[in-house]
Amino acid sequence: MPSSVDVRPITITLPDGSTRTFEAGVTGYEVAADIAKGLARAALAVKVNGEVWDLDRPITDDAEVAILTWDDKEGKQTFWHSAAHLMAEALEELYPDVKFGIGPPIDRGFYYDVDLGDRSLSQEDLAAIENKMKELAKRDVPYQRQPVPKDEAVAYFEEKSDEYKLELLEGLEDGEITFYEQGNFVDLCRGPHIQSTGAIKYPKLLNVAGAYWRGDENRPQLTRIYGIAFPKKKKLDQFLERLELARQRDHRKLGKELGLFTFSQKVGPGLPMWLPKGTRLRETLSDFLKEEQLARGYEPVVTPHIGRLELYRTSGHYPYYRDSQFPPMVFSEEDGDEDGYLLRPMNCPHHTQIYANEHHSYRDLPVRIAEFGTVYRFEQSGELGGLTRVRGFTQDDAHIFCTPEQVKAEFKDVIDLTLKVLSALDFKEFTAQISLRDPENTGKYVGEDTLWAQAEQAIREAAEEMNLSATEETGEAAFYGPKLDFMVEDALGREWQLGTIQVDYNLPERFDLTYVDANDERQRPVMIHRAPFGSLERFIGVLIEHCGGDFPTWLAPEQVRVLPVGADFNPYARSVRDTLRNAGFRATVDTGDDTVGYKIREAETQKIPYMLVVGSREKEAGTVAVRQHGEGQQDVRAVEAFIEQLHTRIASELQRENE
RNA sequence: GCCGACGUAGCUCAGUGGUAGAGCAGCUCUCUCGUAAAGAGCAGGUCAGCGGUUCAAAUCCGCUCGUCGGCUCCA
């Protein structure tokens, strides 16, 4: 259908601010080709006035235009979205009765939720689908956008009896519906897509999983197939290499290899046990934080791991969160009354009782009660995984009781502490998120409006004054108060939530906590929950992956291993070890009757930061031959000089002045 | 909890219905060693558990437990 003879010129503004003139109806591809042939080849989609479009969609008016390539997130996502459609076509060829849910691109690839009836997919099936995709891609057919009236769209999917697409259509307005067609496959889709299937040369299907339709566990469970695709083999290879690297760094694998922690089916799922080396690591970490906290006015306390049900009824944790608690221990008293205890899911109720133990004057505040408190939560079985999701874990918990005016200063101090911790562990990439309440729905929150406003402002200012750039998420606050969370990326770019600082107006109210102000009136303190690590278990899990098991020297469970070259030098090696131990280092000696090469290999695979080889030369001179993990042989130096080297190393790791 | 995959020696893994295997680790002996694996021998298993099919089950089927990948939830 010939459009009206429209040759009016339009002005295209490019990202660098330059402008070019084209005839109305020019496509993104033509714009790219006008700039450079290479760009046209690399182009995957085009951004027109902030909206991502197909490259062949006509641009009819003046517009700001950016050509999207593989280097743009949106370019990649367009590519992956198209790959999802290609996979859907392959599925339909292999399984003609398949029905489709949604198939979006994600951060790393794409997935498609499909209903395969009673069929389940094996690895071989995935390979077959992948091969079919490659075969289809070779035809190199275009992705074609087609606006369709709603009734036609409905008729099409009724014909296919695809109830999922029909449900999606229900939510759409007539006039805004588009189909995309490539080869024999037609899908309901907003788009955009790349130009042609031929670019999807290297698809890789990764895994299958169950996923509830529309994320609702009461609705049918579909089969979700995850995949990724690349235009070049090299990019696919790099991706697979990174996956392999991630597997190498998996904290479950390293935890086993380095002898840090273990699980036992007899003890129970999700209940980690710390082996001697893991315990040294863990205690070094918690000692570091304890020392910092003492310097900041925290008061360590110790409280029991269980409490009466009444405590948790008052706090509101029971029975409200019953599903994620270990079942309570209930028994009958002699007089027939029922009483019971709960394995604690949180430390804060106990800490309120420490606060309530004595009267508090405004002069005492803030009161900072700290405990490495072990808590137990009955996480769903399917949720458990390594150290990052467990049923028994220790929080580096503290509760600060203060006046509303003190909230800001306390936040600043906790932010400072958290940043110090992160820097000592070499976490350079992290994000902070402030979670605020939903102003549209204030009814679901406890605490007065003015207090919320004050606290939210205090958190914002505290972050600003500490030069912490934080994102703000409205509606993400807990019902009891706003919060600030730290999200840390591990070396492979996966994000984990670790540290948290939360304001709480609820518990002081429920436990009727008070202090007396300057006018001799009883006031309600604000409670702040905070944990820089979050849980030691999760933190260490992430830390292991972050450093790939190569812990900083100050943290390494075994810092130095002395390796005598032969049995004759065992006594000297032991004396070196003892000297190091007396200097406060974690040192061992390998007196086995193996060759030096073997001992070195052992120590290297155990990722011990320093190996000291000693033989006759060293024994005579009172020296050690230093070898550093991953660095190979260093120099030979006197034992005292080596100790000095260790001190310097550790001081620089902790970014403290050498004392 | 739900969907799917997996579970063989301490670890990593072979083993498709017919006598349970390898390498490493362990133990013993020999070697006494100079910067990433010395040599030989020995020992090690209710093939996760329970039940079923079969003349015969690590192998096929069912249930349970656990692990992994997701979904859902996370005070």
# chains A, B, ... in the order shown; residues from 1 in each chain; ligands from 1

call {"tool": "select_by_dssp", "arguments": {"residues": "range 419-551 of chain A", "states": "helix (DSSP H, G or I)", "output": "number ranges by chain"}}
result
A: 419-424, 439-444, 449-465, 506-510, 536-547

call {"tool": "select_by_dssp", "arguments": {"residues": "range 488-614 of chain A", "states": "strand (DSSP E)", "output": "VMD selection string"}}
result
chain A and resid 488 to 489 495 to 504 515 to 516 522 to 523 526 to 531 560 to 564 587 to 589 610 to 614

call {"tool": "write_last_selection", "arguments": {"atoms": "N, CA, C and O atoms", "output": "compact mmCIF listing (two decimals), in the first residue's frame"}}
result
# COMPACT_ATOMS: atom_id res chain seq x y z
N VAL A 488 26.01 -5.80 47.90
CA VAL A 488 27.39 -5.97 47.47
C VAL A 488 27.44 -6.87 46.27
O VAL A 488 26.72 -7.87 46.20
N GLU A 489 28.27 -6.50 45.31
CA GLU A 489 28.47 -7.36 44.16
C GLU A 489 29.68 -8.23 44.40
O GLU A 489 30.71 -7.75 44.86
N GLU A 495 24.58 -9.78 42.63
CA GLU A 495 24.32 -8.86 43.73
C GLU A 495 23.70 -9.57 44.94
O GLU A 495 22.81 -10.40 44.79
N TRP A 496 24.19 -9.23 46.11
CA TRP A 496 23.69 -9.83 47.35
C TRP A 496 23.38 -8.73 48.35
O TRP A 496 24.13 -7.78 48.47
N GLN A 497 22.29 -8.89 49.09
CA GLN A 497 22.00 -7.96 50.16
C GLN A 497 22.68 -8.43 51.44
O GLN A 497 22.51 -9.56 51.86
N LEU A 498 23.48 -7.55 52.01
CA LEU A 498 24.22 -7.93 53.21
C LEU A 498 23.81 -7.02 54.36
O LEU A 498 22.87 -7.30 55.08
N GLY A 499 24.53 -5.92 54.52
CA GLY A 499 24.30 -5.06 55.66
C GLY A 499 22.94 -4.36 55.61
O GLY A 499 22.40 -4.13 54.55
N THR A 500 22.42 -4.05 56.77
CA THR A 500 21.13 -3.37 56.83
C THR A 500 21.07 -2.48 58.06
O THR A 500 21.65 -2.80 59.10
N ILE A 501 20.41 -1.35 57.93
CA ILE A 501 20.15 -0.44 59.06
C ILE A 501 18.67 -0.10 59.00
O ILE A 501 18.20 0.42 57.99
N GLN A 502 17.91 -0.43 60.05
CA GLN A 502 16.47 -0.26 59.99
C GLN A 502 15.94 0.50 61.20
O GLN A 502 16.28 0.18 62.33
N VAL A 503 15.10 1.46 60.93
CA VAL A 503 14.42 2.18 62.01
C VAL A 503 13.19 1.38 62.41
O VAL A 503 12.52 0.80 61.55
N ASP A 504 12.90 1.33 63.70
CA ASP A 504 11.75 0.54 64.18
C ASP A 504 10.95 1.33 65.21
O ASP A 504 11.46 1.66 66.29
N TYR A 515 12.03 6.26 78.12
CA TYR A 515 13.11 6.95 78.82
C TYR A 515 12.49 8.22 79.39
O TYR A 515 11.39 8.62 78.98
N VAL A 516 13.19 8.84 80.31
CA VAL A 516 12.66 10.06 80.93
C VAL A 516 13.41 11.25 80.35
O VAL A 516 14.64 11.26 80.31
N ARG A 522 7.90 10.76 80.53
CA ARG A 522 8.26 9.49 79.89
C ARG A 522 8.11 9.63 78.37
O ARG A 522 7.10 10.10 77.88
N GLN A 523 9.16 9.19 77.66
CA GLN A 523 9.13 9.26 76.20
C GLN A 523 9.44 7.89 75.61
O GLN A 523 10.01 7.03 76.29
N VAL A 526 13.34 5.53 69.99
CA VAL A 526 13.35 4.89 68.66
C VAL A 526 14.34 3.75 68.73
O VAL A 526 15.37 3.85 69.40
N MET A 527 14.03 2.67 68.05
CA MET A 527 14.95 1.53 68.02
C MET A 527 15.53 1.43 66.62
O MET A 527 14.81 1.57 65.62
N ILE A 528 16.84 1.21 66.54
CA ILE A 528 17.47 0.99 65.24
C ILE A 528 18.10 -0.40 65.25
O ILE A 528 18.90 -0.72 66.13
N HIS A 529 17.68 -1.24 64.30
CA HIS A 529 18.33 -2.54 64.11
C HIS A 529 19.44 -2.32 63.11
O HIS A 529 19.21 -1.67 62.10
N ARG A 530 20.58 -2.91 63.35
CA ARG A 530 21.63 -2.77 62.34
C ARG A 530 22.58 -3.95 62.37
O ARG A 530 22.86 -4.53 63.42
N ALA A 531 23.03 -4.34 61.19
CA ALA A 531 23.96 -5.46 61.05
C ALA A 531 24.83 -5.19 59.82
O ALA A 531 24.35 -5.32 58.70
N VAL A 560 50.63 -18.59 57.39
CA VAL A 560 51.98 -18.97 57.00
C VAL A 560 52.15 -20.47 57.22
O VAL A 560 51.71 -21.01 58.23
N ARG A 561 52.76 -21.14 56.25
CA ARG A 561 53.13 -22.54 56.47
C ARG A 561 54.62 -22.68 56.22
O ARG A 561 55.12 -22.24 55.17
N VAL A 562 55.30 -23.28 57.18
CA VAL A 562 56.74 -23.47 57.07
C VAL A 562 57.00 -24.85 56.45
O VAL A 562 56.42 -25.85 56.89
N LEU A 563 57.85 -24.87 55.40
CA LEU A 563 58.09 -26.11 54.67
C LEU A 563 59.56 -26.50 54.73
O LEU A 563 60.39 -25.98 53.98
N PRO A 564 59.91 -27.41 55.64
CA PRO A 564 61.30 -27.88 55.68
C PRO A 564 61.58 -28.75 54.45
O PRO A 564 60.72 -29.51 54.04
N ALA A 587 50.29 -19.85 62.13
CA ALA A 587 51.34 -20.50 61.36
C ALA A 587 51.34 -22.00 61.66
O ALA A 587 51.00 -22.43 62.75
N THR A 588 51.70 -22.80 60.63
CA THR A 588 51.83 -24.24 60.81
C THR A 588 53.13 -24.68 60.16
O THR A 588 53.79 -23.90 59.48
N VAL A 589 53.46 -25.96 60.37
CA VAL A 589 54.65 -26.49 59.74
C VAL A 589 54.27 -27.82 59.11
O VAL A 589 53.45 -28.56 59.64
N TYR A 610 51.43 -17.21 52.67
CA TYR A 610 52.90 -17.26 52.69
C TYR A 610 53.40 -18.67 52.98
O TYR A 610 52.92 -19.33 53.90
N MET A 611 54.39 -19.09 52.19
CA MET A 611 55.07 -20.35 52.43
C MET A 611 56.54 -20.04 52.69
O MET A 611 57.13 -19.23 51.97
N LEU A 612 57.08 -20.65 53.72
CA LEU A 612 58.49 -20.39 54.05
C LEU A 612 59.26 -21.68 53.88
O LEU A 612 59.05 -22.64 54.61
N VAL A 613 60.11 -21.72 52.87
CA VAL A 613 60.91 -22.91 52.63
C VAL A 613 62.20 -22.78 53.45
O VAL A 613 62.86 -21.75 53.41
N VAL A 614 62.52 -23.83 54.24
CA VAL A 614 63.74 -23.77 55.03
C VAL A 614 64.56 -25.04 54.85
O VAL A 614 64.03 -26.15 54.86

call {"tool": "closest_atom_pairs", "arguments": {"of": "chain B", "to": "chain A", "cutoff": "9 Å", "atoms": "only C-alpha atoms (C1' of nucleotides)", "output": "JSON lines"}}
result
{"residue": "B:G1", "atom": "C1'", "partner": "A:Gln380", "partner_atom": "CA", "distance": 6.6}
{"residue": "B:C2", "atom": "C1'", "partner": "A:Glu217", "partner_atom": "CA", "distance": 7.6}
{"residue": "B:C3", "atom": "C1'", "partner": "A:Gly210", "partner_atom": "CA", "distance": 4.0}
{"residue": "B:G4", "atom": "C1'", "partner": "A:Ala209", "partner_atom": "CA", "distance": 5.8}
{"residue": "B:A5", "atom": "C1'", "partner": "A:Ser122", "partner_atom": "CA", "distance": 8.1}
{"residue": "B:C11", "atom": "C1'", "partner": "A:Glu257", "partner_atom": "CA", "distance": 8.4}
{"residue": "B:U32", "atom": "C1'", "partner": "A:Gly566", "partner_atom": "CA", "distance": 5.6}
{"residue": "B:C33", "atom": "C1'", "partner": "A:Thr595", "partner_atom": "CA", "distance": 5.2}
{"residue": "B:G34", "atom": "C1'", "partner": "A:Val565", "partner_atom": "CA", "distance": 6.4}
{"residue": "B:U35", "atom": "C1'", "partner": "A:Gln633", "partner_atom": "CA", "distance": 6.4}
{"residue": "B:A36", "atom": "C1'", "partner": "A:Arg601", "partner_atom": "CA", "distance": 4.2}
{"residue": "B:A37", "atom": "C1'", "partner": "A:Tyr598", "partner_atom": "CA", "distance": 5.7}
{"residue": "B:A38", "atom": "C1'", "partner": "A:Thr595", "partner_atom": "CA", "distance": 7.3}
{"residue": "B:C65", "atom": "C1'", "partner": "A:Gln265", "partner_atom": "CA", "distance": 8.5}
{"residue": "B:G66", "atom": "C1'", "partner": "A:Gln265", "partner_atom": "CA", "distance": 6.7}
{"residue": "B:U67", "atom": "C1'", "partner": "A:Gly385", "partner_atom": "CA", "distance": 8.9}
{"residue": "B:C68", "atom": "C1'", "partner": "A:Gly385", "partner_atom": "CA", "distance": 8.5}
{"residue": "B:G69", "atom": "C1'", "partner": "A:Ala209", "partner_atom": "CA", "distance": 6.8}
{"residue": "B:G70", "atom": "C1'", "partner": "A:Ala209", "partner_atom": "CA", "distance": 4.6}
{"residue": "B:C71", "atom": "C1'", "partner": "A:Ala211", "partner_atom": "CA", "distance": 4.5}
{"residue": "B:U72", "atom": "C1'", "partner": "A:Glu217", "partner_atom": "CA", "distance": 6.4}
{"residue": "B:C73", "atom": "C1'", "partner": "A:Gln380", "partner_atom": "CA", "distance": 8.2}
{"residue": "B:C74", "atom": "C1'", "partner": "A:Glu379", "partner_atom": "CA", "distance": 8.3}
{"residue": "B:A75", "atom": "C1'", "partner": "A:His317", "partner_atom": "CA", "distance": 6.7}

call {"tool": "residues_around", "arguments": {"residues": "range 51-61 of chain B", "least_positions_apart": "5", "cutoff": "7 Å", "atoms": "only C-alpha atoms (C1' of nucleotides)", "output": "PyMOL selection string"}}
result
chain B and resi 8+16-18

call {"tool": "closest_residue", "arguments": {"among": "A:Arg363, A:Arg313, A:Arg119, A:Lys266", "to": "Tyr95 in chain A", "atoms": "only C-alpha atoms"}}
result
A:Arg119

call {"tool": "atom_distance", "arguments": {"atom1": "CA of Tyr341 in chain A", "atom2": "CA of Ile306 in chain A"}}
result
6.5 Å

call {"tool": "residues_around", "arguments": {"residues": "range 25-29 of chain B", "least_positions_apart": "5", "cutoff": "10 Å", "atoms": "only C-alpha atoms (C1' of nucleotides)", "output": "list in words"}}
result
G10, C11, A40, G41, C42, A43 and G44 of chain B

call {"tool": "residues_around", "arguments": {"residues": "Asp34 in chain A", "least_positions_apart": "6", "cutoff": "12 Å", "atoms": "only C-alpha atoms (C1' of nucleotides)", "output": "list in words"}}
result
Ile12, Leu14, Thr19, Arg20, Thr21, Phe22, Val26, Thr27, Gly28, Ala40, Arg41 and Ile67 of chain A

call {"tool": "closest_residue", "arguments": {"among": "A:Phe331, A:Tyr376, A:Phe179, A:Phe79", "to": "Ala229 in chain A", "atoms": "only C-alpha atoms"}}
result
A:Phe79

call {"tool": "residues_around", "arguments": {"residues": "Asp250 in chain A", "least_positions_apart": "5", "cutoff": "9 Å", "atoms": "only C-alpha atoms (C1' of nucleotides)", "output": "ChimeraX atom specification"}}
result
/A:245,255,541,544-545,548

call {"tool": "residues_around", "arguments": {"residues": "range 414-423 of chain A", "least_positions_apart": "6", "cutoff": "9 Å", "atoms": "only C-alpha atoms (C1' of nucleotides)", "output": "PyMOL selection string"}}
result
chain A and resi 288-289+292-293+296+430+462-463+466+468+486+488+499+501+530-533+653-655

call {"tool": "write_last_selection", "arguments": {"atoms": "N, CA, C and O atoms", "output": "CSV table (one decimal), in the first residue's frame"}}
result
chain,number,residue,atom,x,y,z
A,288,PHE,N,37.3,-8.5,64.6
A,288,PHE,CA,37.5,-7.3,63.9
A,288,PHE,C,36.4,-6.3,64.2
A,288,PHE,O,36.5,-5.1,64.5
A,289,LEU,N,35.2,-6.8,64.0
A,289,LEU,CA,34.0,-6.0,64.2
A,289,LEU,C,33.7,-5.6,65.6
A,289,LEU,O,33.4,-4.5,66.0
A,292,GLU,N,35.9,-2.8,66.6
A,292,GLU,CA,35.4,-1.5,66.1
A,292,GLU,C,34.2,-1.1,66.9
A,292,GLU,O,34.0,0.1,67.2
A,293,GLN,N,33.3,-2.0,67.3
A,293,GLN,CA,32.1,-1.6,68.0
A,293,GLN,C,32.4,-1.1,69.4
A,293,GLN,O,31.7,-0.2,69.8
A,296,ARG,N,33.2,2.3,69.4
A,296,ARG,CA,32.1,3.2,69.0
A,296,ARG,C,31.0,3.2,70.1
A,296,ARG,O,29.8,3.6,69.8
A,430,PHE,N,29.6,-1.6,45.6
A,430,PHE,CA,28.4,-1.9,46.3
A,430,PHE,C,27.4,-0.8,46.1
A,430,PHE,O,27.8,0.3,45.6
A,462,ALA,N,22.0,11.6,56.3
A,462,ALA,CA,23.1,10.8,56.8
A,462,ALA,C,23.9,10.2,55.6
A,462,ALA,O,25.1,10.3,55.6
A,463,ALA,N,23.2,9.6,54.7
A,463,ALA,CA,23.8,9.1,53.5
A,463,ALA,C,24.6,10.2,52.7
A,463,ALA,O,25.7,10.0,52.4
A,466,MET,N,27.7,11.3,54.5
A,466,MET,CA,28.8,10.3,54.5
A,466,MET,C,29.2,10.1,53.0
A,466,MET,O,30.0,9.1,52.8
A,468,LEU,N,27.7,8.8,50.7
A,468,LEU,CA,27.2,7.5,50.2
A,468,LEU,C,26.1,7.8,49.2
A,468,LEU,O,25.0,8.3,49.5
A,486,PHE,N,22.6,-2.4,52.3
A,486,PHE,CA,23.8,-2.4,51.4
A,486,PHE,C,23.8,-3.6,50.6
A,486,PHE,O,23.6,-4.7,51.1
A,488,VAL,N,26.0,-5.8,47.9
A,488,VAL,CA,27.4,-6.0,47.5
A,488,VAL,C,27.4,-6.9,46.3
A,488,VAL,O,26.7,-7.9,46.2
A,499,GLY,N,24.5,-5.9,54.5
A,499,GLY,CA,24.3,-5.1,55.7
A,499,GLY,C,22.9,-4.4,55.6
A,499,GLY,O,22.4,-4.1,54.5
A,501,ILE,N,20.4,-1.3,57.9
A,501,ILE,CA,20.1,-0.4,59.1
A,501,ILE,C,18.7,-0.1,59.0
A,501,ILE,O,18.2,0.4,58.0
A,530,ARG,N,20.6,-2.9,63.4
A,530,ARG,CA,21.6,-2.8,62.3
A,530,ARG,C,22.6,-4.0,62.4
A,530,ARG,O,22.9,-4.5,63.4
A,531,ALA,N,23.0,-4.3,61.2
A,531,ALA,CA,24.0,-5.5,61.0
A,531,ALA,C,24.8,-5.2,59.8
A,531,ALA,O,24.4,-5.3,58.7
A,532,PRO,N,26.1,-4.8,60.0
A,532,PRO,CA,26.9,-4.5,58.9
A,532,PRO,C,27.2,-5.7,58.0
A,532,PRO,O,27.3,-5.5,56.8
A,533,PHE,N,27.4,-6.9,58.6
A,533,PHE,CA,27.6,-8.1,57.8
A,533,PHE,C,26.2,-8.6,57.3
A,533,PHE,O,26.1,-9.4,56.4
A,653,GLU,N,46.4,-3.9,54.3
A,653,GLU,CA,45.1,-4.5,54.0
A,653,GLU,C,43.9,-3.8,54.8
A,653,GLU,O,42.8,-3.6,54.3
A,654,LEU,N,44.2,-3.5,56.1
A,654,LEU,CA,43.2,-3.0,56.9
A,654,LEU,C,43.1,-1.5,56.8
A,654,LEU,O,42.3,-0.8,57.4
A,655,GLN,N,44.0,-0.9,55.9
A,655,GLN,CA,44.0,0.5,55.7
A,655,GLN,C,44.0,1.3,57.0
A,655,GLN,O,43.3,2.3,57.2

call {"tool": "atom_distance", "arguments": {"atom1": "CA of Gln628 in chain A", "atom2": "CA of Arg577 in chain A"}}
result
16.4 Å

call {"tool": "atom_distance", "arguments": {"atom1": "CA of Ile177 in chain A", "atom2": "CA of Arg190 in chain A"}}
result
7.2 Å
